[in-house]
Every structure is written in structure tokens, then in C-alpha cells.
$ cat my_file00.cif   # mmCIF, C-alpha atoms
data_query
#
loop_
_atom_site.label_atom_id
_atom_site.label_comp_id
_atom_site.auth_asym_id
_atom_site.auth_seq_id
_atom_site.Cartn_x
_atom_site.Cartn_y
_atom_site.Cartn_z
CA MET N 20 -47.58 -59.56 63.03
CA PRO N 21 -47.88 -56.38 65.08
CA LEU N 22 -51.47 -55.56 64.15
CA GLY N 23 -54.37 -57.83 65.02
CA LYS N 24 -57.15 -58.86 62.66
CA VAL N 25 -59.60 -56.24 63.89
CA GLN N 26 -56.98 -53.51 63.78
CA THR N 27 -56.05 -54.47 60.22
CA HIS N 28 -59.72 -54.40 59.28
CA ILE N 29 -60.11 -50.92 60.79
CA LEU N 30 -57.21 -49.67 58.67
CA GLU N 31 -58.66 -51.28 55.54
CA ARG N 32 -62.01 -49.62 56.17
CA LEU N 33 -60.38 -46.23 56.72
CA VAL N 34 -58.58 -46.61 53.39
CA GLU N 35 -61.86 -47.59 51.69
CA MET N 36 -63.53 -44.53 53.19
CA GLY N 37 -60.70 -42.33 51.90
CA ARG N 38 -59.69 -41.31 55.43
CA LEU N 39 -56.23 -42.89 55.10
CA THR N 40 -54.02 -43.50 52.08
CA GLU N 41 -52.63 -46.94 51.30
CA ASP N 42 -49.18 -45.61 52.21
CA GLN N 43 -50.33 -44.32 55.59
CA SER N 44 -52.04 -47.62 56.32
CA ALA N 45 -48.92 -49.57 55.32
CA GLU N 46 -46.76 -47.33 57.50
CA ILE N 47 -48.93 -47.99 60.55
CA ALA N 48 -49.08 -51.72 59.80
CA ALA N 49 -45.28 -51.84 59.55
CA THR N 50 -44.84 -50.83 63.18
CA PRO N 51 -42.54 -53.55 64.54
CA GLU N 52 -43.91 -53.69 68.08
CA GLU N 53 -47.33 -54.86 69.30
CA VAL N 54 -49.89 -52.08 69.10
CA THR N 55 -52.71 -51.94 71.65
CA GLY N 56 -56.16 -50.72 70.67
CA ASN N 57 -55.67 -47.50 72.59
CA ALA N 58 -52.26 -46.92 71.00
CA LEU N 59 -53.72 -47.38 67.51
CA ASP N 60 -56.56 -44.97 68.34
CA LYS N 61 -54.00 -42.42 69.44
CA VAL N 62 -51.88 -42.77 66.31
CA LEU N 63 -54.94 -42.47 64.08
CA ALA N 64 -56.26 -39.43 65.92
CA GLU N 65 -53.04 -37.54 66.50
CA ASN N 66 -51.00 -38.39 63.41
CA HIS N 67 -53.76 -38.81 60.83
CA GLY N 68 -56.60 -36.62 62.09
CA ILE N 69 -59.16 -39.41 62.30
CA MET N 70 -62.13 -38.05 64.26
CA PRO N 71 -63.47 -40.03 67.24
CA PHE N 72 -66.85 -40.94 65.72
CA THR N 73 -65.27 -41.96 62.43
CA LEU N 74 -63.02 -44.28 64.38
CA LEU N 75 -65.98 -45.62 66.34
CA VAL N 76 -67.86 -46.32 63.10
CA GLU N 77 -65.01 -48.28 61.58
CA LYS N 78 -64.25 -50.05 64.85
CA SER N 79 -67.85 -51.18 65.22
CA ARG N 80 -67.99 -52.34 61.63
CA ALA N 81 -64.80 -54.30 62.13
CA LEU N 82 -66.43 -56.00 65.12
CA GLY N 83 -69.70 -56.63 63.28
CA PHE N 84 -71.81 -54.05 65.12
CA ALA N 85 -73.78 -51.13 63.75
CA PRO N 86 -72.59 -47.82 65.21
CA CYS N 87 -74.93 -45.36 66.89
CA ASN N 88 -74.89 -42.14 68.90
CA VAL N 89 -75.85 -43.52 72.29
CA ALA N 90 -75.70 -40.05 73.86
CA ARG N 91 -79.03 -39.30 72.19
CA CYS N 92 -80.76 -42.54 73.14
CA ARG N 93 -83.53 -42.05 75.69
CA VAL N 94 -83.71 -44.36 78.66
CA LYS N 95 -87.31 -44.76 79.84
CA PRO N 96 -88.84 -46.96 82.54
CA ALA N 97 -90.06 -49.20 79.72
CA SER N 98 -86.47 -49.65 78.51
CA PHE N 99 -85.84 -52.41 81.04
CA GLU N 100 -89.16 -54.25 80.67
CA ARG N 101 -87.74 -56.94 78.41
CA LEU N 102 -84.11 -56.94 79.61
CA PRO N 103 -83.65 -56.36 83.36
CA GLN N 104 -81.42 -53.43 84.33
CA ASP N 105 -78.98 -55.55 86.36
CA PHE N 106 -78.44 -57.86 83.38
CA CYS N 107 -77.82 -54.80 81.17
CA GLU N 108 -75.33 -53.34 83.65
CA GLU N 109 -73.47 -56.63 83.92
CA HIS N 110 -73.23 -57.08 80.16
CA LEU N 111 -72.82 -53.39 79.21
CA VAL N 112 -75.94 -53.41 77.08
CA LEU N 113 -78.51 -50.62 76.73
CA PRO N 114 -81.94 -51.50 75.34
CA VAL N 115 -83.18 -48.58 73.28
CA GLY N 116 -86.46 -49.73 71.86
CA GLU N 117 -88.26 -52.38 69.89
CA VAL N 118 -88.48 -52.67 66.12
CA GLY N 119 -90.42 -55.35 64.29
CA GLY N 120 -90.79 -57.47 67.40
CA GLY N 121 -87.07 -57.42 68.23
CA ILE N 122 -85.24 -55.50 70.94
CA VAL N 123 -82.90 -52.78 69.73
CA ASP N 124 -79.90 -52.60 71.98
CA ARG N 125 -76.60 -50.82 72.07
CA VAL N 126 -73.46 -52.49 73.27
CA CYS N 127 -71.11 -50.16 75.13
CA GLN N 128 -67.57 -49.93 73.85
CA SER N 129 -65.94 -52.61 75.92
CA VAL N 130 -62.45 -52.18 77.30
CA ARG N 131 -62.53 -55.35 79.32
CA MET M 29 -92.58 -42.73 45.32
CA MET M 30 -93.33 -45.26 42.59
CA ARG M 31 -89.62 -45.71 41.89
CA ALA M 32 -88.89 -46.23 45.58
CA ASN M 33 -91.63 -48.86 45.71
CA ARG M 34 -90.71 -50.51 42.44
CA LEU M 35 -87.07 -50.96 43.42
CA MET M 36 -88.04 -51.99 46.95
CA GLY M 37 -90.21 -54.75 45.50
CA ALA M 38 -87.43 -55.83 43.14
CA ALA M 39 -84.96 -55.93 46.05
CA LEU M 40 -87.32 -58.09 48.11
CA VAL M 41 -87.51 -60.59 45.26
CA GLU M 42 -83.79 -60.40 44.56
CA HIS M 43 -82.99 -61.19 48.20
CA ASP M 44 -85.48 -64.08 48.28
CA LEU M 45 -87.73 -62.40 50.78
CA VAL M 46 -90.75 -62.35 48.45
CA LYS M 47 -91.94 -64.43 45.48
CA ILE M 48 -92.30 -62.69 42.14
CA GLU M 49 -95.99 -63.65 41.85
CA ASP M 50 -96.70 -62.05 45.23
CA LEU M 51 -94.89 -58.91 44.13
CA ASP M 52 -97.00 -58.75 40.95
CA GLY M 53 -100.15 -58.88 43.07
CA ALA M 54 -98.83 -56.24 45.46
CA ASN M 55 -97.94 -53.91 42.58
CA GLU M 56 -101.49 -54.15 41.21
CA ARG M 57 -102.89 -53.38 44.66
CA LEU M 58 -100.47 -50.45 45.01
CA LEU M 59 -101.79 -48.91 41.79
CA GLU M 60 -105.34 -49.09 43.19
CA ILE M 61 -104.24 -47.39 46.40
CA VAL M 62 -102.36 -44.68 44.52
CA ALA M 63 -105.46 -44.02 42.41
CA GLN M 64 -107.45 -43.53 45.63
CA GLY M 65 -104.94 -40.89 46.75
CA GLN M 66 -104.12 -42.53 50.08
CA ALA M 67 -100.54 -41.28 50.25
CA ARG M 68 -99.71 -42.95 53.54
CA GLN M 69 -100.83 -46.34 52.31
CA ASN M 70 -98.51 -46.12 49.30
CA THR M 71 -96.19 -48.91 50.32
CA VAL M 72 -95.56 -52.13 48.49
CA LEU M 73 -93.87 -53.49 51.61
CA GLY M 74 -96.95 -52.71 53.70
CA ILE M 75 -99.19 -54.49 51.20
CA LEU M 76 -96.91 -57.52 51.09
CA ALA M 77 -96.48 -57.68 54.86
CA TYR M 78 -99.87 -56.67 56.24
CA GLU M 79 -102.45 -57.29 53.50
CA MET M 80 -101.03 -60.31 51.71
CA LYS M 81 -98.91 -61.70 54.59
CA ALA M 82 -96.32 -62.64 51.96
CA VAL M 83 -93.37 -61.47 54.09
CA ARG M 84 -92.82 -60.47 57.70
CA GLU M 85 -91.53 -56.94 58.12
CA GLU M 86 -89.18 -58.14 60.88
CA ASP M 87 -87.54 -60.51 58.35
CA VAL M 88 -86.82 -57.54 56.10
CA LEU M 89 -85.31 -55.66 59.05
CA GLN M 90 -83.29 -58.71 60.03
CA TYR M 91 -81.96 -58.96 56.47
CA HIS M 92 -80.89 -55.32 56.63
CA VAL M 93 -79.02 -55.94 59.90
CA ASP M 94 -77.49 -59.33 59.01
CA GLN M 95 -76.66 -58.87 55.34
CA GLN M 96 -76.16 -55.14 54.98
CA GLY M 97 -74.50 -54.51 58.35
CA GLY M 98 -77.03 -51.80 59.15
CA GLY M 99 -78.38 -50.86 62.55
CA ALA M 100 -81.94 -50.66 63.80
CA ILE M 101 -83.59 -47.72 65.46
CA ASP M 102 -86.74 -47.06 67.46
CA LEU M 103 -87.22 -43.30 67.03
CA ARG M 104 -89.45 -43.15 70.12
CA TYR M 105 -86.28 -43.73 72.15
CA TYR M 106 -84.08 -41.16 70.41
CA GLU M 107 -83.60 -37.45 71.11
CA VAL M 108 -83.77 -36.18 67.55
CA PRO M 109 -81.94 -32.81 67.35
CA GLU M 110 -84.19 -29.81 66.71
CA GLU M 111 -82.56 -29.00 63.37
CA TYR M 112 -83.72 -32.39 62.09
CA GLN M 113 -87.22 -31.93 63.45
CA LYS M 114 -87.69 -28.50 61.83
CA GLY M 115 -85.93 -28.90 58.51
CA ILE M 116 -87.55 -32.16 57.51
CA ASP M 117 -88.97 -32.63 53.99
CA THR M 118 -92.00 -34.72 54.91
CA GLY M 119 -93.00 -35.31 51.29
CA ALA M 120 -89.66 -36.93 50.53
CA CYS M 121 -89.79 -38.86 53.80
CA TRP M 122 -93.24 -40.30 53.04
CA ALA M 123 -92.20 -41.14 49.47
CA THR M 124 -89.10 -42.99 50.63
CA TRP M 125 -90.35 -44.26 54.01
CA SER M 126 -87.18 -42.76 55.49
CA VAL M 127 -86.26 -40.01 57.94
CA PRO M 128 -82.85 -38.33 58.38
CA PHE M 129 -82.60 -37.92 62.15
CA ASP M 130 -79.09 -37.01 63.26
CA ARG M 131 -75.57 -36.19 62.18
CA LYS M 132 -72.24 -36.84 63.86
CA GLU M 133 -69.02 -35.53 62.31
CA ASP M 134 -69.81 -35.91 58.60
CA PHE M 135 -71.97 -39.04 59.00
CA HIS M 136 -75.72 -38.65 58.45
CA PHE M 137 -78.12 -40.99 60.25
CA VAL M 138 -81.15 -42.10 58.25
CA ALA M 139 -83.94 -44.29 59.64
CA SER M 140 -85.69 -46.24 56.92
CA ALA M 141 -88.20 -48.99 56.35
CA TYR M 142 -87.02 -49.00 52.73
CA SER M 143 -83.26 -49.19 53.08
CA LEU M 144 -83.18 -52.16 50.68
CA SER M 145 -84.48 -49.95 47.87
CA PRO M 146 -81.61 -48.67 45.71
CA ALA M 147 -83.79 -45.72 44.65
CA VAL M 148 -84.17 -44.68 48.29
CA GLN M 149 -80.47 -45.08 48.99
CA LYS M 150 -79.58 -43.02 45.93
CA TYR M 151 -82.11 -40.28 46.75
CA TRP M 152 -80.74 -39.68 50.24
CA GLU M 153 -77.11 -40.00 49.12
CA THR M 154 -77.82 -37.17 46.69
CA GLN M 155 -79.61 -35.05 49.28
CA LEU M 156 -77.14 -35.45 52.13
CA ASP M 157 -73.54 -34.40 51.91
CA GLY M 158 -71.46 -37.17 53.46
CA PRO M 159 -71.61 -40.86 54.24
CA ILE M 160 -74.92 -42.28 55.49
CA LEU M 161 -75.44 -44.69 58.36
CA TRP M 162 -78.67 -46.60 57.62
CA PHE M 163 -80.89 -47.68 60.49
CA GLY M 164 -83.71 -50.09 59.75
CA THR M 165 -87.07 -49.34 61.30
CA SER M 166 -90.69 -50.33 60.76
CA LEU M 167 -93.24 -48.67 58.49
CA GLU M 168 -95.21 -47.94 61.64
CA GLY M 169 -92.17 -46.30 63.23
CA ILE M 170 -91.74 -43.97 60.24
CA ALA M 171 -95.47 -43.23 60.03
CA ASP M 172 -95.70 -42.48 63.77
CA TYR M 173 -92.70 -40.16 63.63
CA LEU M 174 -93.92 -38.25 60.56
CA GLY M 175 -97.49 -38.15 61.85
CA LYS M 176 -96.33 -36.66 65.15
CA HIS M 177 -94.10 -34.21 63.32
CA GLU M 178 -97.01 -33.06 61.14
CA SER M 179 -99.42 -32.68 64.06
CA ASP M 180 -96.77 -30.75 66.03
CA SER M 181 -96.26 -28.44 63.02
CA VAL M 182 -100.01 -27.79 62.78
CA ALA M 183 -100.15 -27.06 66.54
CA ASP M 184 -97.21 -24.63 66.22
CA LYS M 185 -98.91 -22.75 63.37
CA THR M 186 -102.21 -22.60 65.27
CA SER M 187 -100.57 -21.19 68.39
CA THR M 188 -98.73 -18.39 66.52
#

$ encode --input "my_file00.cif" --output "C-alpha cells"
Amino acid sequence: MPLGKVQTHILERLVEMGRLTEDQSAEIAATPEEVTGNALDKVLAENHGIMPFTLLVEKSRALGFAPCNVARCRVKPASFERLPQDFCEEHLVLPVGEVGGGIVDRVCQSVR
Amino acid sequence: MMRANRLMGAALVEHDLVKIEDLDGANERLLEIVAQGQARQNTVLGILAYEMKAVREEDVLQYHVDQQGGGAIDLRYYEVPEEYQKGIDTGACWATWSVPFDRKEDFHFVASAYSLSPAVQKYWETQLDGPILWFGTSLEGIADYLGKHESDSVADKTST
């Protein structure tokens, strides 16, 4: 199967959101060769006009994360009190506050 | 406000976060508070969590994240765009324990301590044009944000 599970889920979500039609989704899924994540992003953006944040939202949902606009998150000295900065850099995690006794963090889009 | 609270209480029971008898007690207490006119204390969740200790607010947040796929937000660590700071309807925010705080493409970001309440979801879906991303936060987080917003507004009016 050319599309992976996460990629298929992204397409399903885009159809649910009305951003793609069933036919468009089926056409992409019918691609005979393996499709990398970047290649799928490109097809969705260039051929179907899917905006970058929309794609990020559906990608994060497919991976089980909640999307956020990290560009607006403030990093303060207190940000690294509970999770050390070197740990965060190693694991591509940004702590952005505490809610109800838990740490709120953002996981960077990983390409590794 | 009462509808937001009533459906929040019902959702807490429906999701097994609170017992029905505790909710009955909290609703009676809420009516007393409403009669006293303490608008900022008008929260069935606050009564259940902090007066009756019938539920932990963090468990409600965790439910939102785990079961509803929502995010969490600490507004102290977020640069809220000016348009969202100025155009805020504080009455609606207090009534729903929710704050719209950003927009990206056509997605609206709403921070809420009441995201489990269908009445709150419906209210903001009607107000905002486009899909909503819900971010769970604490009652204290909402109250701090709105309190700061109100004191900043008073300071602005005084200085002009």
C-alpha cells in the first residue's frame, strides 16, 4: 500500500473537514509508488490548496497530539524549572506552562 | 451562565467524573452564590473541585486531553494577539469560563475550563466563524486572564 497509516488518517481527516473530496482523497491514495511525508505535504499544498496550519492540525491529530501555534508561546526563565533545557533540546520539547498541576509542553514537528 | 453550568455538571456526571448526588449539592450551592451576585464564583466546577472536593480539576483537564483530543494552555505563557485582547466580550467569557485567544488560517483557538459543556461549545461555535481548537485550562487561569484584562482596561480608560 503506497500510503502509510498516518498518511491515510490525514486524508480521512481532511475529507471529514471538507478540505478534500472523497474522489481527491482516493486519487492521492491510488498513487502507485511510496509517498514520503514531505511529498504528501507538497501534493496537498500545491494540488489541493491545503494551507500549512490546516495540514499541521490534521497531522498532529493523526499522531495523537493537540496542535498549537508555538510561534506565540513565550519562553521564560521559569519555563525550564521543571524540565531542564538540555533535556528539552535533546527531545525537541518546549515546556510552555503549567495547568492543573501538569506541565504543558509542545513537541516540535519531528523530521527525524 | 446557568446553562453553561448545568450542562457542565451533566457532562461531569456523564463522563463519570462526578457523582450525581455531589452534583445536586453543587447546584444548590450555585443557586446561593448566584443569589449573592458573586459573578466570578458562579462555577459549578469550582464548587465541586474546591468547596466539596468531589473532583480534581486536573482530572477534568486530563479527560479533555485524553478523551476529547484537546490541548492544554497556560495563557501566562502565550502572546495573545492585540485584536483578541481588545475585542474580548468579558461577560460571555465569564459566563462560559472560556477565552478566544488566537486565530490561525480559519481555525479559532479557545481556552476553556468548561470545554466539556455542550452549551459552551455551541455558544462559541455560533460566535466564531470557522473550526475551533479547544485548549483546556484551569478556572484560575481564565479568572487571572480576565481579571488582568479588566484591570488593564480600567487603567487605559483612566490614563486617557

$ resolve_selection --input "my_file00.cif" --expression "the PyMOL selection byres ((chain N and resi 44-61) around 10)" --output "PyMOL selection string"
chain N and resi 20-23+25-27+29-31+33-34+38-43+62-71+74-75+78+130

$ write_last_selection --input "my_file00.cif" --atoms "C-alpha atoms" --output "PDB file, keeping the file's coordinate frame"
ATOM      1  CA  MET N  20     -47.580 -59.560  63.030  1.00  0.00           C
ATOM      2  CA  PRO N  21     -47.880 -56.380  65.080  1.00  0.00           C
ATOM      3  CA  LEU N  22     -51.470 -55.560  64.150  1.00  0.00           C
ATOM      4  CA  GLY N  23     -54.370 -57.830  65.020  1.00  0.00           C
ATOM      5  CA  VAL N  25     -59.600 -56.240  63.890  1.00  0.00           C
ATOM      6  CA  GLN N  26     -56.980 -53.510  63.780  1.00  0.00           C
ATOM      7  CA  THR N  27     -56.050 -54.470  60.220  1.00  0.00           C
ATOM      8  CA  ILE N  29     -60.110 -50.920  60.790  1.00  0.00           C
ATOM      9  CA  LEU N  30     -57.210 -49.670  58.670  1.00  0.00           C
ATOM     10  CA  GLU N  31     -58.660 -51.280  55.540  1.00  0.00           C
ATOM     11  CA  LEU N  33     -60.380 -46.230  56.720  1.00  0.00           C
ATOM     12  CA  VAL N  34     -58.580 -46.610  53.390  1.00  0.00           C
ATOM     13  CA  ARG N  38     -59.690 -41.310  55.430  1.00  0.00           C
ATOM     14  CA  LEU N  39     -56.230 -42.890  55.100  1.00  0.00           C
ATOM     15  CA  THR N  40     -54.020 -43.500  52.080  1.00  0.00           C
ATOM     16  CA  GLU N  41     -52.630 -46.940  51.300  1.00  0.00           C
ATOM     17  CA  ASP N  42     -49.180 -45.610  52.210  1.00  0.00           C
ATOM     18  CA  GLN N  43     -50.330 -44.320  55.590  1.00  0.00           C
ATOM     19  CA  VAL N  62     -51.880 -42.770  66.310  1.00  0.00           C
ATOM     20  CA  LEU N  63     -54.940 -42.470  64.080  1.00  0.00           C
ATOM     21  CA  ALA N  64     -56.260 -39.430  65.920  1.00  0.00           C
ATOM     22  CA  GLU N  65     -53.040 -37.540  66.500  1.00  0.00           C
ATOM     23  CA  ASN N  66     -51.000 -38.390  63.410  1.00  0.00           C
ATOM     24  CA  HIS N  67     -53.760 -38.810  60.830  1.00  0.00           C
ATOM     25  CA  GLY N  68     -56.600 -36.620  62.090  1.00  0.00           C
ATOM     26  CA  ILE N  69     -59.160 -39.410  62.300  1.00  0.00           C
ATOM     27  CA  MET N  70     -62.130 -38.050  64.260  1.00  0.00           C
ATOM     28  CA  PRO N  71     -63.470 -40.030  67.240  1.00  0.00           C
ATOM     29  CA  LEU N  74     -63.020 -44.280  64.380  1.00  0.00           C
ATOM     30  CA  LEU N  75     -65.980 -45.620  66.340  1.00  0.00           C
ATOM     31  CA  LYS N  78     -64.250 -50.050  64.850  1.00  0.00           C
ATOM     32  CA  VAL N 130     -62.450 -52.180  77.300  1.00  0.00           C
TER      33      VAL N 130
END

$ resolve_selection --input "my_file00.cif" --expression "the PyMOL selection byres ((chain M) within 12 of (chain N))" --output "ChimeraX atom specification"
/M:77,84-90,92-109,129-141,158-170

$ write_last_selection --input "my_file00.cif" --atoms "C-alpha atoms" --output "compact mmCIF listing (two decimals), keeping the file's coordinate frame"
# COMPACT_ATOMS: atom_id res chain seq x y z
CA ALA M 77 -96.48 -57.68 54.86
CA ARG M 84 -92.82 -60.47 57.70
CA GLU M 85 -91.53 -56.94 58.12
CA GLU M 86 -89.18 -58.14 60.88
CA ASP M 87 -87.54 -60.51 58.35
CA VAL M 88 -86.82 -57.54 56.10
CA LEU M 89 -85.31 -55.66 59.05
CA GLN M 90 -83.29 -58.71 60.03
CA HIS M 92 -80.89 -55.32 56.63
CA VAL M 93 -79.02 -55.94 59.90
CA ASP M 94 -77.49 -59.33 59.01
CA GLN M 95 -76.66 -58.87 55.34
CA GLN M 96 -76.16 -55.14 54.98
CA GLY M 97 -74.50 -54.51 58.35
CA GLY M 98 -77.03 -51.80 59.15
CA GLY M 99 -78.38 -50.86 62.55
CA ALA M 100 -81.94 -50.66 63.80
CA ILE M 101 -83.59 -47.72 65.46
CA ASP M 102 -86.74 -47.06 67.46
CA LEU M 103 -87.22 -43.30 67.03
CA ARG M 104 -89.45 -43.15 70.12
CA TYR M 105 -86.28 -43.73 72.15
CA TYR M 106 -84.08 -41.16 70.41
CA GLU M 107 -83.60 -37.45 71.11
CA VAL M 108 -83.77 -36.18 67.55
CA PRO M 109 -81.94 -32.81 67.35
CA PHE M 129 -82.60 -37.92 62.15
CA ASP M 130 -79.09 -37.01 63.26
CA ARG M 131 -75.57 -36.19 62.18
CA LYS M 132 -72.24 -36.84 63.86
CA GLU M 133 -69.02 -35.53 62.31
CA ASP M 134 -69.81 -35.91 58.60
CA PHE M 135 -71.97 -39.04 59.00
CA HIS M 136 -75.72 -38.65 58.45
CA PHE M 137 -78.12 -40.99 60.25
CA VAL M 138 -81.15 -42.10 58.25
CA ALA M 139 -83.94 -44.29 59.64
CA SER M 140 -85.69 -46.24 56.92
CA ALA M 141 -88.20 -48.99 56.35
CA GLY M 158 -71.46 -37.17 53.46
CA PRO M 159 -71.61 -40.86 54.24
CA ILE M 160 -74.92 -42.28 55.49
CA LEU M 161 -75.44 -44.69 58.36
CA TRP M 162 -78.67 -46.60 57.62
CA PHE M 163 -80.89 -47.68 60.49
CA GLY M 164 -83.71 -50.09 59.75
CA THR M 165 -87.07 -49.34 61.30
CA SER M 166 -90.69 -50.33 60.76
CA LEU M 167 -93.24 -48.67 58.49
CA GLU M 168 -95.21 -47.94 61.64
CA GLY M 169 -92.17 -46.30 63.23
CA ILE M 170 -91.74 -43.97 60.24

$ atom_distance --input "my_file00.cif" --atom1 "CA of Met29 in chain M" --atom2 "CA of Ala123 in chain M"
4.5 Å

$ residues_around --input "my_file00.cif" --residues "Arg57 in chain M" --least-positions-apart "5" --cutoff "12 Å" --atoms "only C-alpha atoms" --output "ChimeraX atom specification"
/M:50-52,62-64,69-76,79-80

$ atom_distance --input "my_file00.cif" --atom1 "CA of Glu56 in chain M" --atom2 "CA of Ser145 in chain M"
18.7 Å

$ closest_residue --input "my_file00.cif" --among "N:Leu102, N:Glu77, N:His110, N:Pro96" --to "Arg32 in chain N" --atoms "all atoms listed in the file"
N:Glu77

$ atom_distance --input "my_file00.cif" --atom1 "CA of Ala32 in chain M" --atom2 "CA of Asn55 in chain M"
12.2 Å

$ build_atoms --input "my_file00.cif" --residues "range 27-45 of chain N" --atoms "N, CA and C atoms" --output "tab-separated table (two decimals), keeping the file's coordinate frame"
chain	number	residue	atom	x	y	z
N	27	THR	N	-56.31	-54.48	61.67
N	27	THR	CA	-56.05	-54.47	60.22
N	27	THR	C	-57.33	-54.11	59.47
N	28	HIS	N	-58.44	-54.67	59.93
N	28	HIS	CA	-59.72	-54.40	59.28
N	28	HIS	C	-60.09	-52.92	59.41
N	29	ILE	N	-59.82	-52.36	60.58
N	29	ILE	CA	-60.11	-50.92	60.79
N	29	ILE	C	-59.31	-50.09	59.77
N	30	LEU	N	-58.04	-50.42	59.63
N	30	LEU	CA	-57.21	-49.67	58.67
N	30	LEU	C	-57.74	-49.83	57.24
N	31	GLU	N	-58.13	-51.04	56.89
N	31	GLU	CA	-58.66	-51.28	55.54
N	31	GLU	C	-59.91	-50.44	55.30
N	32	ARG	N	-60.77	-50.39	56.30
N	32	ARG	CA	-62.01	-49.62	56.17
N	32	ARG	C	-61.70	-48.13	56.03
N	33	LEU	N	-60.73	-47.66	56.80
N	33	LEU	CA	-60.38	-46.23	56.72
N	33	LEU	C	-59.81	-45.89	55.35
N	34	VAL	N	-59.09	-46.82	54.75
N	34	VAL	CA	-58.58	-46.61	53.39
N	34	VAL	C	-59.75	-46.58	52.41
N	35	GLU	N	-60.67	-47.56	52.56
N	35	GLU	CA	-61.86	-47.59	51.69
N	35	GLU	C	-62.66	-46.30	51.77
N	36	MET	N	-62.75	-45.75	52.99
N	36	MET	CA	-63.53	-44.53	53.19
N	36	MET	C	-62.76	-43.28	52.74
N	37	GLY	N	-61.51	-43.47	52.34
N	37	GLY	CA	-60.70	-42.33	51.90
N	37	GLY	C	-60.16	-41.50	53.05
N	38	ARG	N	-60.18	-42.06	54.25
N	38	ARG	CA	-59.69	-41.31	55.43
N	38	ARG	C	-58.19	-41.52	55.62
N	39	LEU	N	-57.68	-42.60	55.06
N	39	LEU	CA	-56.23	-42.89	55.10
N	39	LEU	C	-55.80	-43.27	53.70
N	40	THR	N	-54.54	-43.00	53.36
N	40	THR	CA	-54.02	-43.50	52.08
N	40	THR	C	-53.46	-44.91	52.31
N	41	GLU	N	-53.24	-45.60	51.22
N	41	GLU	CA	-52.63	-46.94	51.30
N	41	GLU	C	-51.26	-46.83	51.99
N	42	ASP	N	-50.52	-45.78	51.65
N	42	ASP	CA	-49.18	-45.61	52.21
N	42	ASP	C	-49.24	-45.40	53.73
N	43	GLN	N	-50.20	-44.57	54.14
N	43	GLN	CA	-50.33	-44.32	55.59
N	43	GLN	C	-50.70	-45.61	56.32
N	44	SER	N	-51.63	-46.36	55.71
N	44	SER	CA	-52.04	-47.62	56.32
N	44	SER	C	-50.85	-48.58	56.42
N	45	ALA	N	-50.08	-48.66	55.34
N	45	ALA	CA	-48.92	-49.57	55.32
N	45	ALA	C	-47.88	-49.14	56.36
